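K.L.:
Before anything else, here's the structure in question.
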Amino acid sequence: MRRLMKYLPFLVLLTTLFAKAQDPINKDSITQLEEVILIDALKNKKVMGITPSEVISAKTFQNYSPVDIVSSMNQIPGVYVLSGALNTNRITIRGIGARTLFGTDKLRLYYNEIPVTNGTGSSTIEAYDLENLGQIEVVKGPKGTEFGTNLGGAIILTPKEALGRSTNFSNNFTLGSFNLLKNNLAFNHFDGKLRLNLQYGHLETDGYRENNNFERDGFLLNTSYQLNPKNKLSLLVNHIDYTAQIPSSLGITAFNEDPTQATFTWRASRGYETNNQTLLGVSLNHEFSARFNNTTSFFYSYLDKTEARPFGILEEITNGFGFRTLFSGDLTLFEKNADFSFGAELYKDEYDWDEFENLYQENDGNGSLKGAQFARNKEFRGQWNVFTSLQYPFTNAFSAQLGLNLNKTAFDLQDRFNVGNANNSGSRDFDPILLPSLTLNYSLGTNQELYANISRGFTNPSLERTLTPEGIINPDIKQETGTNYEIGTNLLFDQNRLRINLTLYQMDINNLLIREQVGDDQFIEKNAGSSKHQGVELGVDYSLFSSTSVVQVNPFVNYNLNHHRFTDFVDGGIDYSRNELTGVPKHRLTMGLQNRFFTHFYLNLIYQHVGSIPLTDANDVYSDAFNLVNFRAGYRKKLTPKFTLGVDFGVNNAFDVLYARSVLINTQGFGGAEPRYYYPGDGRNYYGALNVAYAL
């Protein structure tokens with residue numbers, strides 16, 4: 001009851017607004033709530049030209065709980081997010097990033113086109129609330145020239161905005177299993193000049209496992225003002241503050257006996273992390289002419305994080321800043337209109353981290369207790385990209401786009417604790433690397449096209465993990481590089497009711513970066529050979545009835561087949577060449593039915609299959625394949641010209657399957673303990689939501 005009282009003012013406000021509802025409104029003002037049921041959100045590709053990418057928005061989001069950004073992203077063929085907890089996610093794209101033990105790297109993450117990947121290449125999708133997002137765009141592979149050309153690709157998150165000229169309040173209140181409570185209050189306004197989106201969200205849950213509590217508060221301000229016909233000024237403020245307990249991974253025996261338990265040492269120390277994170281961005285869009293414009297953004301990010309682990313307490317502060325500018329337009333070239341773009345992106349950050357002993361064993365069962373300091377470090381990280389692209393239409397049906405990205409990265413690590421031979425200070429200044437991309441596009445007719453891409457990408461090693469086991473900077477470690485080959489289709493048939501996307505790709509990776517565990521909390525990176533990533537991705541969906549029908553049925557199938565292998569990999573004198581790439585399932589399938597009845601009712605059924613995953617380079621241990629069924633249904637109706645009401649109910653893991661939603665690879669068991677490969681997925685759980693919207 002105490003938690004419910006926290007949201008009473010929001011419910012009172014919305015009820016009062018409902019009572020005052022009298023006048024008709026423009027239909028656009030209620031679209032933002034109704035689109036969840038009736039239509040997909042308006043998709044706006046951020047990646048320029050004919051570069052292939054995939055956009056998901058409301059139509060996909062409505063299949064899952066408002067807490068579950070991971071499942072929405074996992075509906076995209078080729079993208080697999082392993083999730084140990086709400087604060088423990090690892091995004092892999094076509095197998096890139098699967099060998100990373102913790103967190104997401106080897107891709108670039110953008111929020112409203114502002115880079116939020118830190119200087120060492122790490123990204124935290126858990127810092128963003130699904131209910132604040134209008135869409136997620138994914139570029140698979142290094143072909144996104146203007147978004148960093150990392151081997152994994154790029155992900156661009158776009159906040160919600162008011163649709164049409166409107167002013168409205170909305171509130172979504174969710175309760176669920178494991179004492180889940182989530183509330184999201186939003187205000188949206190657009191009057192032709194001022195666009196304002198303001199959202200506050202609160203989430204708390206006890207979690208499925210022991211020592212699994214999670215509590216997050218988030219604030220988002222996304223606003224823009226049209227200063228005059230040629231200039232628009234935008235401001236973005238995103239603040240997240242969360243505390244999350246950490247149950248950690250389990251060995252196979254504990255996983256099978258009781259997946260809800262936390263690892264003993266993490267339970268005894270009451271391991272946790274706190275994150276206080278802020279992103280500020282200011283952008284100016286200037287239209288020089290009808291054929292040439294520029295958008296320039298300046299941004300600052302701040303992260304204050306503490307992580308209490310059994311083997312030490314880590315305190316981190318990161319200050320990041322930079323700018324991004326993009327010029328785009330078209331010109332007449334050989335009597336044809338060619339689209340072009342060019343720009344630059346600079347990102348720098350300062351990363352301070354200190355480590356202390358954890359005296360939880362001496363704290364009378366009260367959990368973590370900070371002891372003596374044993375590490376103090378400061379790292380300066382900088383990266384800049386210069387990029388350009390030109391799209392040229394050779395004929396009405398055939399066009400080509402050439403892109404170039406030039407990257408320069410430098411790290412400087414200062415060990416401010418150890419002295420003499422024990423000091424780990426060092427720096428790396430990588431040579432500039434030129435990364436080209438060529439995309440060809442051929443139109444077969446209206447809404448039917450074939451495309452092909454060849455592109456080169458890279459990944460930087462993280463400096464703090466380029467140390468040898470003796471603690472010396474390894475000057476020979478190289479950037480991981482690779483070449484992507486891809487062909488695909490975008491096909492629409494039957495009056496655009498049937499969509500078929502089929503992609504075949506191969507990515508050859510050289511100077512493969514692997515991360516090896518050499519102690520309880522000691523990891524090193526090194527180059528170890530090469531790998532080949534081959535795969536097939538298929539996306540099909542069909543609308544059985546027209547949008548005017550009483551009943552609409554929309555079946556879909558998303559599938560990817562991964563054939564990822566080491567081609568030349570020798571580690572510790574053992575040859576793993578031709579083995580399956582660790583951490584990647586061979587098969588992944590998501591299929592479902594999205595149904596609408598009598599305009600106001602919907603029912604969605606989702607089935608997901610994930611194949612077994614090799615957990616060791618030797619391929620002698622695999623996780624079990626699993627199958628999940630999710631269900632979500634709801635009702636949404638405009639009760640008055642100004643007031644809209646909706647209710648939702650959902651079930652996750654309907655058949656209560658025991659499965660690993662995330663795994664660790666090549667993990668070691670110390671002191672005779674089993675290797676802890678598995679993060680259990682949640683058992684069967686339920687949620688229900690009440691959402692209301694009022695238009696002024």
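FYI, nothing fancy with the structure tokens labels: chains A, B, ... in order, residues from 1 per chain, ligands from 1 as they appear.
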Need the shell around Lys336 (chain A): protein/DNA/RNA residues with any atom at most 12 Å away, counting only C-alpha atoms. Skip same-chain ones fewer than 6 positions apart. Format as a list in words?

P.N.:
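Surrounding residues, per the criterion: Asp330, Gln391, Tyr392, Pro393, Phe394, Thr395, Asn396 and Ser399 of chain A.
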
K.L.:
With C-alpha atoms kept, could you save the residues just selected as a CSV table (one decimal), in the first residue's frame?

P.N.:
```csv
chain,number,residue,atom,x,y,z
A,330,ASP,CA,22.2,16.7,-52.7
A,391,GLN,CA,24.8,8.0,-53.1
A,392,TYR,CA,24.6,8.1,-56.8
A,393,PRO,CA,21.6,6.9,-59.0
A,394,PHE,CA,23.1,5.3,-62.1
A,395,THR,CA,19.5,4.6,-63.4
A,396,ASN,CA,16.0,4.9,-62.0
A,399,SER,CA,22.0,3.2,-57.2
```

K.L.:
Show me, as a list in words, the residues that have an atom within 10 Å of Ile69 (chain A) when counting only C-alpha atoms, minus same-chain residues fewer than 6 positions from it.

P.N.:
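These residues fall inside the cut-off: Phe61, Val81, Leu86, Ile125, Glu126, Tyr128, Asp129, Leu130, Glu131 and Leu133 of chain A.
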
K.L.:
Which residues of region 70-158 of chain A have any atom within 10 Å of an atom in region 671-682 of chain A when counting only C-alpha atoms, and what is the closest pair of atoms for each, with the distance in Å to one decimal? Order the rows by chain and rising number and write it as a Markdown table.

P.N.:
```
| residue | atom | partner | partner_atom | distance |
| --- | --- | --- | --- | --- |
| A:Leu82 | CA | A:Tyr679 | CA | 9.2 |
| A:Ser83 | CA | A:Tyr679 | CA | 7.8 |
| A:Gly84 | CA | A:Tyr679 | CA | 5.1 |
| A:Ala85 | CA | A:Tyr679 | CA | 8.1 |
| A:Thr88 | CA | A:Tyr679 | CA | 9.9 |
```

K.L.:
How would you write, as a list of chain:residue names, the set of residues in region 49-263 of chain A that DSSP gives as helix (DSSP H, G or I)?

P.N.:
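Going through region 49-263 of chain A, the helix (DSSP H, G or I) residues come out as A:Ala58, A:Lys59, A:Thr60, A:Phe61, A:Ile69, A:Val70, A:Ser71, A:Ser72, A:Met73, A:Asn74, A:Ile125, A:Glu126, A:Ala127, A:Leu130, A:Glu131, A:Asn132, A:Thr145, A:Glu146, A:Phe147, A:Ile252, A:Thr253, A:Ala254, A:Phe255, A:Asn256, A:Glu257.
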
K.L.:
Can you work out the spacing between CA of Leu101 (chain A) and CA of Tyr64 (chain A) in Å, to one decimal?

P.N.:
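These atoms are spaced 26.5 Å apart.
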
K.L.:
DSSP on the backbone, strand (DSSP E or B) only: what residues of region 134-246 of chain A does that give? Format it as a PyMOL selection string.

P.N.:
chain A and resi 134-140+150+153-159+166-176+180-190+194-205+214-228+231-245

K.L.:
List the spatial neighbours of Gly343 (chain A) as a ChimeraX atom specification - criterion: any atom at most 9 Å away, only C-alpha atoms, same-chain residues fewer than 6 positions off excluded.

P.N.:
/A:146,324-328,385-388

K.L.:
Considering only C-alpha atoms, state which residue in the set A:Ser577, A:Thr100, A:Asn150, A:Ser427 is at the smallest distance from Gln479 (chain A).

P.N.:
A:Asn150

K.L.:
Residues within 7 Å of region 364-381 of chain A, please, as a VMD selection string. Count only C-alpha atoms; anything in the same chain fewer than 2 positions from it doesn't count.

P.N.:
chain A and resid 119 268 to 271 308 313 348 to 360 362 383 410 to 417

K.L.:
So which residues touch Asp508 (chain A) within 10 Å, counting only C-alpha atoms, skipping near sequence neighbours fewer than 6 positions away, as an MDAnalysis selection string?

P.N.:
chainID A and resid 456 481:485 530:534 564 566:567

K.L.:
Give me, as a list of chain:residue names, all polymer residues having an atom no more than 8 Å from Ile606 (chain A), counting only C-alpha atoms and skipping those fewer than 6 positions away in the same chain.

P.N.:
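My list of contacting residues is A:Asn63, A:Thr590, A:Met591, A:Gly592, A:Leu593, A:Val629, A:Asn630, A:Phe631.
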